[in-house]
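Below is target.txt, holding compact mmCIF, C-alpha atoms.
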# COMPACT_ATOMS: atom_id res chain seq x y z
CA MET A 18 47.75 18.85 22.75
CA ALA A 19 45.69 16.41 20.66
CA THR A 20 41.96 16.99 20.48
CA VAL A 21 39.77 14.42 22.10
CA GLN A 22 37.83 12.40 19.51
CA THR A 23 35.36 10.72 21.82
CA PRO A 24 31.86 12.20 21.70
CA MET A 25 30.88 14.30 24.62
CA GLU A 26 28.40 12.71 26.89
CA PRO A 27 25.16 14.66 27.02
CA CYS A 28 24.60 16.61 30.16
CA GLY A 29 20.85 16.79 29.94
CA MET A 30 17.79 15.33 28.33
CA VAL A 31 14.26 16.62 27.88
CA ARG A 32 11.14 14.98 26.52
CA PRO A 33 9.44 17.11 23.88
CA LYS A 34 5.88 18.24 24.39
CA SER A 35 5.08 18.93 20.76
CA TRP A 36 6.37 18.01 17.34
CA ASP A 37 8.85 20.10 15.41
CA ASP A 38 11.80 19.52 13.07
CA LYS A 39 14.17 18.81 15.95
CA VAL A 40 11.86 16.15 17.32
CA GLU A 41 11.59 14.60 13.86
CA GLU A 42 15.38 14.50 13.62
CA ALA A 43 15.74 12.89 17.06
CA TYR A 44 12.97 10.38 16.25
CA ARG A 45 14.76 9.19 13.12
CA PHE A 46 18.13 8.81 14.83
CA GLN A 47 16.64 7.03 17.81
CA LEU A 48 14.66 4.65 15.60
CA ALA A 49 17.95 3.63 14.03
CA GLY A 50 19.50 3.08 17.45
CA TYR A 51 21.53 6.27 17.94
CA ARG A 52 21.21 9.07 20.43
CA ASP A 53 21.60 11.89 17.94
CA GLU A 54 23.75 13.11 15.06
CA ARG A 55 26.88 13.39 17.20
CA GLU A 56 26.80 9.75 18.17
CA TYR A 57 25.94 8.71 14.60
CA ALA A 58 28.85 10.68 13.17
CA HIS A 59 31.22 9.28 15.76
CA LEU A 60 30.19 5.64 15.37
CA THR A 61 29.74 5.46 11.61
CA GLN A 62 32.13 8.16 10.42
CA ALA A 63 29.55 8.86 7.73
CA ASN A 64 27.61 11.90 6.71
CA VAL A 65 23.87 11.84 7.10
CA GLU A 66 22.02 11.82 3.79
CA ARG A 67 19.11 14.24 3.76
CA TRP A 68 16.13 15.11 1.58
CA PRO A 69 17.07 18.22 -0.39
CA HIS A 70 13.77 20.09 -0.04
CA ASN A 71 13.33 20.03 3.73
CA GLY A 72 16.54 18.62 5.18
CA TYR A 73 14.90 15.62 6.84
CA ILE A 74 17.05 12.52 7.18
CA LYS A 75 16.81 10.23 4.17
CA LYS A 76 18.67 7.14 5.24
CA LEU A 77 20.72 5.88 8.16
CA ILE A 78 22.88 2.85 8.64
CA ARG A 79 22.20 0.91 11.80
CA LYS A 80 24.84 -0.52 14.07
CA ASP A 81 24.32 -3.98 12.52
CA GLY A 82 24.97 -2.63 9.02
CA CYS A 83 21.34 -2.58 7.82
CA TRP A 84 19.82 0.51 6.27
CA TYR A 85 16.75 2.39 7.34
CA TYR A 86 15.04 4.58 4.75
CA PHE A 87 12.85 7.49 5.76
CA ASN A 88 10.05 9.34 4.01
CA LYS A 89 10.12 12.84 2.59
CA THR A 90 7.47 13.92 5.02
CA ARG A 91 6.89 13.68 8.75
CA GLU A 92 7.19 10.17 10.19
CA CYS A 93 7.05 10.85 13.91
CA SER A 94 3.40 10.46 14.84
CA GLU A 95 1.83 12.27 17.78
CA LYS A 96 2.03 9.21 20.00
CA ASP A 97 5.78 8.94 19.35
CA VAL A 98 6.57 12.56 20.18
CA SER A 99 6.77 12.00 23.92
CA LYS A 100 8.94 8.91 23.42
CA CYS A 101 11.71 10.94 21.80
CA LYS A 102 14.62 12.31 23.77
CA LEU A 103 16.28 15.64 23.07
CA TYR A 104 19.81 15.62 24.42
CA SER A 105 21.74 18.72 25.36
CA TYR A 106 25.48 19.13 25.72
CA SER A 107 27.47 21.38 27.97
CA GLN A 108 29.21 22.92 24.94
CA ASP A 109 25.88 24.10 23.54
CA LYS A 110 25.09 26.16 26.57
CA MET B 2 -41.93 -27.20 12.69
CA SER B 3 -43.82 -30.03 10.91
CA ASN B 4 -46.39 -29.17 8.24
CA THR B 5 -49.89 -30.57 8.12
CA LEU B 6 -50.95 -32.86 5.29
CA PHE B 7 -53.07 -30.04 3.86
CA GLU B 8 -50.14 -27.65 3.80
CA ARG B 9 -47.93 -30.17 2.14
CA LYS B 10 -50.51 -30.81 -0.61
CA ALA B 11 -51.36 -27.17 -1.08
CA TYR B 12 -47.81 -25.79 -1.31
CA GLY B 13 -46.08 -28.85 -2.68
CA SER B 14 -43.33 -30.87 -1.14
CA ASN B 15 -40.63 -28.42 -2.24
CA LYS B 16 -41.77 -25.86 0.24
CA CYS B 17 -41.48 -28.33 3.06
CA LYS B 18 -37.87 -29.09 2.24
CA GLY B 19 -37.03 -25.41 1.99
CA LYS B 20 -36.21 -25.61 -1.71
CA LYS B 21 -36.85 -22.70 -4.04
CA GLU B 22 -39.91 -22.83 -6.25
CA SER B 23 -38.45 -21.05 -9.23
CA THR B 24 -36.15 -22.36 -11.92
CA ASP B 25 -33.03 -20.49 -12.93
CA ALA B 26 -33.37 -18.63 -16.21
CA PHE B 27 -31.38 -19.74 -19.24
CA THR B 28 -31.19 -23.34 -18.02
CA ILE B 29 -32.52 -26.24 -20.18
CA LYS B 30 -35.23 -26.83 -17.62
CA SER B 31 -36.54 -23.30 -18.01
CA TYR B 32 -36.93 -23.73 -21.79
CA SER B 33 -39.04 -26.91 -21.56
CA LYS B 34 -42.73 -26.51 -22.47
CA ASN B 35 -43.83 -28.42 -19.43
CA ALA B 36 -42.08 -26.08 -17.06
CA LYS B 37 -44.66 -25.19 -14.47
CA GLU B 38 -42.39 -23.50 -12.03
CA LYS B 39 -41.88 -19.79 -11.99
CA LEU B 40 -38.88 -18.49 -13.84
CA GLY B 41 -36.34 -16.91 -11.53
CA GLY B 42 -33.59 -14.46 -12.42
CA PRO B 43 -30.18 -15.63 -13.55
CA SER B 44 -27.66 -16.43 -10.85
CA LEU B 45 -25.27 -13.72 -9.73
CA ALA B 46 -22.33 -13.04 -12.02
CA GLY B 47 -20.11 -12.38 -9.01
CA ALA B 48 -18.51 -9.16 -10.24
CA PHE B 49 -17.97 -7.95 -6.68
CA LYS B 50 -17.11 -11.32 -5.22
CA THR B 51 -13.67 -11.77 -3.69
CA ARG B 52 -11.56 -14.24 -5.63
CA GLU B 53 -8.93 -16.51 -4.18
CA GLY B 54 -5.43 -15.64 -5.26
CA LYS B 55 -2.76 -18.12 -6.25
CA PRO B 56 0.31 -18.46 -4.04
CA THR B 57 2.60 -15.60 -4.97
CA SER B 58 6.24 -15.79 -5.96
CA PHE B 59 6.85 -13.07 -3.36
CA ARG B 60 5.97 -15.58 -0.66
CA LYS B 61 8.30 -18.18 -2.15
CA PHE B 62 11.20 -15.73 -2.36
CA TYR B 63 10.52 -14.41 1.13
CA GLU B 64 10.50 -17.85 2.69
CA ARG B 65 13.65 -18.76 0.85
CA GLY B 66 15.29 -15.60 2.25
CA ASP B 67 16.07 -14.17 -1.16
CA PHE B 68 15.16 -10.60 -0.34
CA PRO B 69 17.83 -8.22 0.91
CA ILE B 70 15.78 -7.33 3.96
CA ALA B 71 16.31 -8.17 7.59
CA LEU B 72 13.37 -10.15 8.88
CA GLU B 73 12.53 -8.59 12.19
CA HIS B 74 9.43 -9.21 14.17
CA ASP B 75 9.95 -6.68 16.90
CA THR B 76 7.76 -3.85 18.03
CA LYS B 77 9.62 -1.21 16.08
CA GLY B 78 6.74 -1.42 13.66
CA ASN B 79 6.59 0.11 10.31
CA LYS B 80 10.10 -0.07 8.90
CA ILE B 81 12.10 -2.50 6.84
CA ALA B 82 15.81 -2.83 7.54
CA TRP B 83 17.52 -3.21 4.17
CA LYS B 84 20.71 -5.24 4.06
CA VAL B 85 21.74 -3.50 0.86
CA GLU B 86 21.32 0.12 -0.12
CA ILE B 87 18.14 0.47 -2.18
CA GLU B 88 20.00 2.51 -4.79
CA LYS B 89 22.18 -0.51 -5.53
CA LEU B 90 19.29 -2.94 -6.01
CA ASP B 91 18.33 -4.39 -9.38
CA TYR B 92 14.93 -2.79 -9.86
CA HIS B 93 14.06 -5.05 -12.82
CA HIS B 94 14.26 -8.02 -10.50
CA TYR B 95 13.03 -6.81 -7.15
CA LEU B 96 10.34 -4.23 -7.88
CA PRO B 97 8.04 -6.64 -9.82
CA LEU B 98 8.54 -9.22 -7.05
CA PHE B 99 7.49 -6.79 -4.34
CA TYR B 100 4.51 -5.80 -6.47
CA ASP B 101 3.62 -9.46 -6.78
CA GLY B 102 3.31 -9.57 -3.00
CA LEU B 103 0.51 -6.99 -3.04
CA CYS B 104 -1.90 -9.91 -3.50
CA GLU B 105 -0.96 -11.21 -0.07
CA THR B 106 -3.29 -10.65 2.85
CA ALA B 107 -1.39 -12.55 5.52
CA HIS B 108 1.26 -11.12 7.83
CA PRO B 109 4.23 -10.74 7.37
CA TYR B 110 4.09 -11.03 3.57
CA GLU B 111 1.53 -8.26 3.26
CA PHE B 112 3.57 -5.85 5.39
CA PHE B 113 6.92 -6.51 3.75
CA SER B 114 5.59 -6.23 0.21
CA ARG B 115 3.69 -3.00 0.96
CA GLN B 116 6.59 -1.39 2.79
CA GLY B 117 9.13 -2.70 0.29
CA VAL B 118 7.22 -1.19 -2.61
CA HIS B 119 6.88 2.07 -0.69
CA ASP B 120 10.62 2.31 0.04
CA MET B 121 11.63 1.36 -3.48
CA LEU B 122 9.29 3.92 -5.03
CA GLU B 123 10.35 6.64 -2.61
CA HIS B 124 14.05 6.14 -3.34
CA GLY B 125 14.02 4.74 -6.86
CA GLY B 126 14.07 7.92 -8.93
CA SER B 127 14.89 7.28 -12.56
CA LYS B 128 15.20 3.51 -12.05
CA ILE B 129 11.43 3.11 -11.78
CA LEU B 130 10.40 4.18 -15.29
CA PRO B 131 12.03 1.30 -17.25
CA VAL B 132 10.36 -1.27 -14.97
CA ILE B 133 6.78 -0.05 -15.51
CA PRO B 134 5.84 -2.71 -18.13
CA GLN B 135 6.81 -5.46 -15.67
CA LEU B 136 4.58 -4.03 -12.96
CA ILE B 137 1.33 -4.17 -14.90
CA ILE B 138 0.58 -7.89 -14.50
CA PRO B 139 1.12 -7.89 -10.71
CA ILE B 140 -1.07 -4.78 -10.41
CA LYS B 141 -3.76 -6.37 -12.54
CA ASN B 142 -3.65 -9.59 -10.52
CA ALA B 143 -3.92 -7.71 -7.25
CA LEU B 144 -6.91 -5.66 -8.41
CA ASN B 145 -8.53 -8.74 -9.94
CA GLN B 146 -8.73 -10.41 -6.54
CA ARG B 147 -11.46 -7.87 -5.72
CA ASN B 148 -10.54 -8.09 -2.07
CA PRO B 149 -11.24 -4.72 -0.39
CA LYS B 150 -8.01 -4.73 1.63
CA VAL B 151 -5.83 -5.70 -1.31
CA MET B 152 -7.57 -3.13 -3.50
CA CYS B 153 -6.97 -0.35 -0.96
CA THR B 154 -3.27 -1.15 -0.76
CA THR B 155 -2.95 -1.42 -4.54
CA LEU B 156 -4.74 1.87 -5.15
CA LYS B 157 -2.49 3.66 -2.66
CA VAL B 158 0.54 2.09 -4.34
CA LEU B 159 -0.73 3.28 -7.74
CA GLN B 160 -1.10 6.80 -6.37
CA HIS B 161 2.46 6.65 -5.09
CA LEU B 162 3.72 5.16 -8.35
CA VAL B 163 2.51 8.02 -10.56
CA VAL B 164 4.29 10.62 -8.45
CA SER B 165 7.42 8.56 -7.78
CA ALA B 166 9.38 9.82 -10.79
CA ASP B 167 9.08 11.91 -13.94
CA MET B 168 7.19 10.43 -16.89
CA VAL B 169 5.83 7.48 -14.90
CA GLY B 170 2.28 8.83 -15.20
CA GLU B 171 2.63 9.10 -18.97
CA ALA B 172 4.17 5.63 -19.18
CA LEU B 173 1.11 4.14 -17.51
CA VAL B 174 -1.36 5.49 -20.11
CA PRO B 175 -0.95 2.56 -22.56
CA TYR B 176 -1.75 0.15 -19.75
CA TYR B 177 -5.06 1.70 -18.67
CA ARG B 178 -6.85 -1.09 -20.50
CA GLN B 179 -5.37 -3.58 -18.04
CA ILE B 180 -5.74 -1.56 -14.88
CA LEU B 181 -8.93 0.45 -15.16
CA PRO B 182 -11.71 -2.14 -15.80
CA ILE B 183 -11.71 -3.19 -12.13
CA LEU B 184 -11.68 0.43 -11.05
CA ASN B 185 -14.74 0.95 -13.24
CA ILE B 186 -16.58 -1.88 -11.49
CA PHE B 187 -15.91 -0.60 -7.99
CA LYS B 188 -16.05 3.14 -8.67
CA ASN B 189 -19.49 3.53 -7.14
CA GLN B 190 -18.78 1.45 -4.09
CA ASN B 191 -19.46 4.15 -1.60
CA LEU B 192 -21.53 3.96 1.52
CA ASN B 193 -24.53 6.23 1.66
CA SER B 194 -24.84 6.65 5.39
CA GLY B 195 -26.90 9.84 5.31
CA ASP B 196 -25.46 12.09 7.95
CA GLY B 197 -23.86 9.20 9.82
CA ILE B 198 -20.12 8.82 10.15
CA ASP B 199 -18.40 6.51 7.72
CA TYR B 200 -15.14 5.69 9.50
CA SER B 201 -13.60 4.19 6.37
CA GLN B 202 -13.28 7.75 5.05
CA GLN B 203 -11.10 8.72 7.98
CA LYS B 204 -9.00 5.57 7.67
CA ARG B 205 -8.67 5.94 3.89
CA GLU B 206 -10.28 2.58 3.31
CA ASN B 207 -13.23 3.73 1.25
CA ILE B 208 -12.77 2.09 -2.12
CA GLY B 209 -15.00 4.50 -4.06
CA ASP B 210 -13.05 7.51 -2.76
CA LEU B 211 -9.69 5.85 -3.32
CA ILE B 212 -10.61 5.03 -6.92
CA GLN B 213 -11.66 8.63 -7.55
CA GLU B 214 -8.36 9.88 -6.05
CA THR B 215 -6.38 7.40 -8.12
CA LEU B 216 -8.08 8.35 -11.37
CA GLU B 217 -7.49 12.02 -10.62
CA ALA B 218 -3.81 11.31 -9.95
CA PHE B 219 -3.64 9.41 -13.25
CA GLU B 220 -5.17 12.35 -15.08
CA ARG B 221 -2.92 14.95 -13.43
CA HIS B 222 0.29 13.07 -14.16
CA GLY B 223 -0.66 11.22 -17.33
CA GLY B 224 -0.20 14.05 -19.81
CA GLU B 225 -2.70 15.25 -22.37
CA ASP B 226 -3.92 11.82 -23.51
CA ALA B 227 -4.70 10.64 -20.03
CA PHE B 228 -8.23 11.96 -19.67
CA ILE B 229 -9.61 10.55 -22.91
CA ASN B 230 -8.08 7.17 -22.18
CA ILE B 231 -9.51 7.13 -18.66
CA LYS B 232 -12.90 8.20 -19.97
CA TYR B 233 -12.82 5.35 -22.47
CA MET B 234 -12.39 2.76 -19.71
CA VAL B 235 -14.37 4.53 -16.95
CA PRO B 236 -17.23 6.37 -18.67
CA THR B 237 -18.57 7.91 -15.46
CA TYR B 238 -15.28 9.66 -14.72
CA GLU B 239 -15.35 13.44 -15.05
CA SER B 240 -12.19 15.41 -15.50
CA CYS B 241 -10.67 17.12 -12.49
CA MET B 242 -8.65 19.49 -14.67
CA LEU B 243 -10.94 20.51 -17.54
CA ASN B 244 -13.86 21.65 -15.43
So, in terms of C-alpha cells, how does the structure I just supplied come out?
Amino acid sequence: MATVQTPMEPCGMVRPKSWDDKVEEAYRFQLAGYRDEREYAHLTQANVERWPHNGYIKKLIRKDGCWYYFNKTRECSEKDVSKCKLYSYSQDK
Amino acid sequence: MSNTLFERKAYGSNKCKGKKESTDAFTIKSYSKNAKEKLGGPSLAGAFKTREGKPTSFRKFYERGDFPIALEHDTKGNKIAWKVEIEKLDYHHYLPLFYDGLCETAHPYEFFSRQGVHDMLEHGGSKILPVIPQLIIPIKNALNQRNPKVMCTTLKVLQHLVVSADMVGEALVPYYRQILPILNIFKNQNLNSGDGIDYSQQKRENIGDLIQETLEAFERHGGEDAFINIKYMVPTYESCMLN
C-alpha cells in the first residue's frame, strides 16, 4: 500500500505562555505564512536552512516565492509570544 | 507696549525695534574706529546643527523599483521580503545603495534601507569585505547630516558592520579619518539628568553612549593599530582593552 503524502492535519493547538525555542520556531514559520515545519516541507519540498550555532531558522521561502531572512538571535518579542500557535499531531502523542 | 519719548531717547531707537545693541565680532563694522556699539561674540559655527541632505540615489532606485525587494505596506512590520536570495545579490552594487539610504528620514525609505543593510550584513559573510571602500562615502554623508535619528541608525549599522565578517574591523582602520571626526564632535552629547531617568538610554537613542559603544567595537575588532588611530581622531577616547 502506498504511503499517504499529504500532511496530517493537526489535532490540537495551544497558545504558548512563555518564550522558548519551540515558540521561536513557530513564530518564524508563521511569519512566513506556514503552520509549522511539516507544512513548509510539504508545500516547498525544501529543507529549512538554519543557523549553525543555535539551530534557529535562517531563511524561509514564502508561498509567493519571496524570501524572508531571520536573525541569529531571538526575534519573537514578548508581545508576539501569545500570538504564536503550537500545533500538535495525533502521531506525536 | 509703546515706549515713552524719554525711554526712546535714553535707550536709543534700536531697543524699541527689538534689535540687538552689539555688533558681531570680526565684521568690518566692528573694526571701524567709530564703532560705539558693544562688540558681541561671533555667530555660532553650527557644529551641532542638523544639515539638509541631498536626495539620495536609494530613493531614486526604490521609486523606480530597481531593488529586489517586495514592497509591502502591511502590518507584518519589521521584515523585508526579498525577491532574490541575498546570497545571489551583487554586493558591490546593492550594499552601497542601501547604505546611501541611511540618510533618509522619511518612511518607507528609512525602513527599507535600514532593514536592507541589516539583512545584507547578517547574511553577507565574505562578500562584505571587498565592498568596504565603497561604503565609506555613504557612511560619511549620513553622519555629516548631524541628524540625531540618522546618526543613531548609522552608529548601530557601524557596530553591526564590524562584527559582520572577519577582517572587516581591520579594513575600516584606514578610513577612520573619514568616519571619526563627527563622532568626536558628538562624543560628549550626553544628558546629565542627575538621578532622573533618561529614556533615550533604554531606547538606545543616546548619541554619546552609542558613540562610545561604536568606538569600543572599532577598537575590539580593529586589530592592534585600531586604538592609536582612534585616539588620533578622538583624543578623549580611552582604551577599553588596555586598561
- Task: Could you tell me how far atom CA of Leu144 of chain B lies from atom CA of Asp199 of chain B, in Å and to one decimal?
- Result: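 Interatomic distance, atom CA of Leu144 of chain B to atom CA of Asp199 of chain B: 23.2 Å.
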- atom CA of Leu72 of chain B to atom CA of Thr57 of chain B, distance in Å rounded to a single decimal: 18.4 Å
- Asp101 of chain B: which residues within 6 Å, counting all atoms listed in the file, same-chain residues fewer than 2 positions away excluded, as an MDAnalysis selection string? chainID B and resid 59 98:99 103 139
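For the pair atom CA of Asn191 of chain B and atom CA of Cys104 of chain B, the interatomic distance is 22.6 Å.
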- Contact residues (chain B, partner chain A, 8 Å, all atoms listed in the file) as a PyMOL selection string: chain B and resi 71+77+80-86+120+123
Would you kindly return, as a PDB file with C-alpha atoms, keeping the file's coordinate frame, each protein, DNA or RNA residue with an atom no farther than 8 Å from any atom of Trp36 of chain A, considering all atoms listed in the file and excluding same-chain residues fewer than 3 positions away?
ATOM      1  CA  PRO A  33       9.440  17.110  23.880  1.00  0.00           C
ATOM      2  CA  LYS A  39      14.170  18.810  15.950  1.00  0.00           C
ATOM      3  CA  VAL A  40      11.860  16.150  17.320  1.00  0.00           C
ATOM      4  CA  GLU A  41      11.590  14.600  13.860  1.00  0.00           C
ATOM      5  CA  CYS A  93       7.050  10.850  13.910  1.00  0.00           C
ATOM      6  CA  GLU A  95       1.830  12.270  17.780  1.00  0.00           C
ATOM      7  CA  VAL A  98       6.570  12.560  20.180  1.00  0.00           C
TER       8      VAL A  98
END
- Counting all atoms listed in the file, closest pick from B:Ile129, B:Leu96, B:Leu184, B:Met168 relative to Leu216 of chain B is B:Leu184
- Task: Please return, as a PyMOL selection string, all polymer residues that have at least one atom within 10 Å of the point (9.0, -6.0, -9.1); use only C-alpha atoms and the file's own coordinate frame.
- Result: chain B and resi 59+91-102+114+117-118+121+129+132-133+135-137+139
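Considering the residues B:Gly42, B:Gln160, B:Gly170, B:Met242 and counting all atoms listed in the file, Leu211 of chain B has its shortest atom-to-atom contact with B:Gln160.
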- Within-12 Å shell of (28.0, 7.8, 12.7) in input frame, only C-alpha atoms, as an MDAnalysis selection string: chainID A and resid 24 46 49:66 76:80 82
Listed atoms of segment 56-69 of chain A boxed along x, y and z, 3 Å each side, centre and edge lengths in Å, one decimal, as AutoDock Vina command-line options:
--center_x 24.1 --center_y 11.8 --center_z 8.9 --size_x 22.0 --size_y 18.8 --size_z 24.6
- Query: Residues at most 12 Å from Glu53 of chain B, counting only C-alpha atoms, excluding those fewer than 3 positions away in the same chain, as a PyMOL selection string?
  - Reply: chain B and resi 50+56-57+104-106+142-148+151
